[in-house]
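S.K.: Let me begin by handing over the structure; questions about it come next.
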Amino acid sequence: MSVASPCDICATGTVEHTCDRCGNLVCERHFDETSGFCVECTADMSGDVSEQQPDPGDIYQF
Ligand SMILES: [Zn+2]
Ligand SMILES: [Zn+2]
């Protein structure tokens, strides 16, 4: 069996890399060489910081 598995994200690209975080097999387009993670993990990590939602109860404190 030497069938190459497709990218875990787009399911069409040829696997070129393995994510160091989640282990996804991803194609070149869905791998971030800077971090060594797949795009899902990089989006996940940046989202943790920028998408923090404030407590709704504290918004209307005028
Ligand atoms: Zn892909
Ligand atoms: Zn990943």
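All residue names refer to the structure tokens as shown: chains lettered A, B, ... in order, residues numbered from 1 in each chain, ligands numbered from 1 in order.
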Enumerate as a list in words the residues within 6 Å of ligand 1, counting only C-alpha atoms and all ligand atoms.
M.R.: Cys7, Ile9, Cys10, Gly13, Val26, Cys27, Arg29 and His30 of chain A
S.K.: Would you name the residues within 7 Å of ligand 2, counting only C-alpha atoms and all ligand atoms, and put them as a PDB file with N, CA and C atoms, in the first residue's frame?
M.R.:
```pdb
ATOM      1  N   CYS A  19       1.467  18.232  11.010  1.00  0.00           N
ATOM      2  CA  CYS A  19       1.348  19.271  12.028  1.00  0.00           C
ATOM      3  C   CYS A  19       2.007  18.803  13.325  1.00  0.00           C
ATOM      4  N   ASP A  20       2.837  19.656  13.908  1.00  0.00           N
ATOM      5  CA  ASP A  20       3.529  19.306  15.149  1.00  0.00           C
ATOM      6  C   ASP A  20       2.591  19.337  16.342  1.00  0.00           C
ATOM      7  N   ARG A  21       1.423  19.922  16.173  1.00  0.00           N
ATOM      8  CA  ARG A  21       0.515  20.096  17.315  1.00  0.00           C
ATOM      9  C   ARG A  21      -0.567  19.025  17.335  1.00  0.00           C
ATOM     10  N   CYS A  22      -1.327  18.900  16.224  1.00  0.00           N
ATOM     11  CA  CYS A  22      -2.448  17.967  16.224  1.00  0.00           C
ATOM     12  C   CYS A  22      -2.156  16.717  15.407  1.00  0.00           C
ATOM     13  N   GLY A  23      -1.049  16.738  14.659  1.00  0.00           N
ATOM     14  CA  GLY A  23      -0.689  15.561  13.895  1.00  0.00           C
ATOM     15  C   GLY A  23      -1.406  15.437  12.577  1.00  0.00           C
ATOM     16  N   ASN A  24      -2.117  16.463  12.173  1.00  0.00           N
ATOM     17  CA  ASN A  24      -2.789  16.451  10.877  1.00  0.00           C
ATOM     18  C   ASN A  24      -1.776  16.293   9.751  1.00  0.00           C
ATOM     19  N   PHE A  37       2.880  24.268  12.378  1.00  0.00           N
ATOM     20  CA  PHE A  37       1.546  23.740  12.619  1.00  0.00           C
ATOM     21  C   PHE A  37       0.696  23.869  11.361  1.00  0.00           C
ATOM     22  N   CYS A  38      -0.416  23.133  11.340  1.00  0.00           N
ATOM     23  CA  CYS A  38      -1.351  23.283  10.239  1.00  0.00           C
ATOM     24  C   CYS A  38      -2.123  24.592  10.423  1.00  0.00           C
ATOM     25  N   VAL A  39      -2.834  25.011   9.388  1.00  0.00           N
ATOM     26  CA  VAL A  39      -3.530  26.300   9.455  1.00  0.00           C
ATOM     27  C   VAL A  39      -4.636  26.278  10.506  1.00  0.00           C
ATOM     28  N   GLU A  40      -5.201  25.104  10.771  1.00  0.00           N
ATOM     29  CA  GLU A  40      -6.250  25.032  11.789  1.00  0.00           C
ATOM     30  C   GLU A  40      -5.682  25.359  13.165  1.00  0.00           C
ATOM     31  N   CYS A  41      -4.503  24.865  13.446  1.00  0.00           N
ATOM     32  CA  CYS A  41      -3.893  25.123  14.745  1.00  0.00           C
ATOM     33  C   CYS A  41      -3.437  26.573  14.853  1.00  0.00           C
TER      34      CYS A  41
END
```
S.K.: Using only C-alpha atoms, pick whichever of A:Thr18, A:Met45, A:Leu25, A:Glu33 has the shortest atom-to-atom distance to A:Ser5.
M.R.: A:Leu25
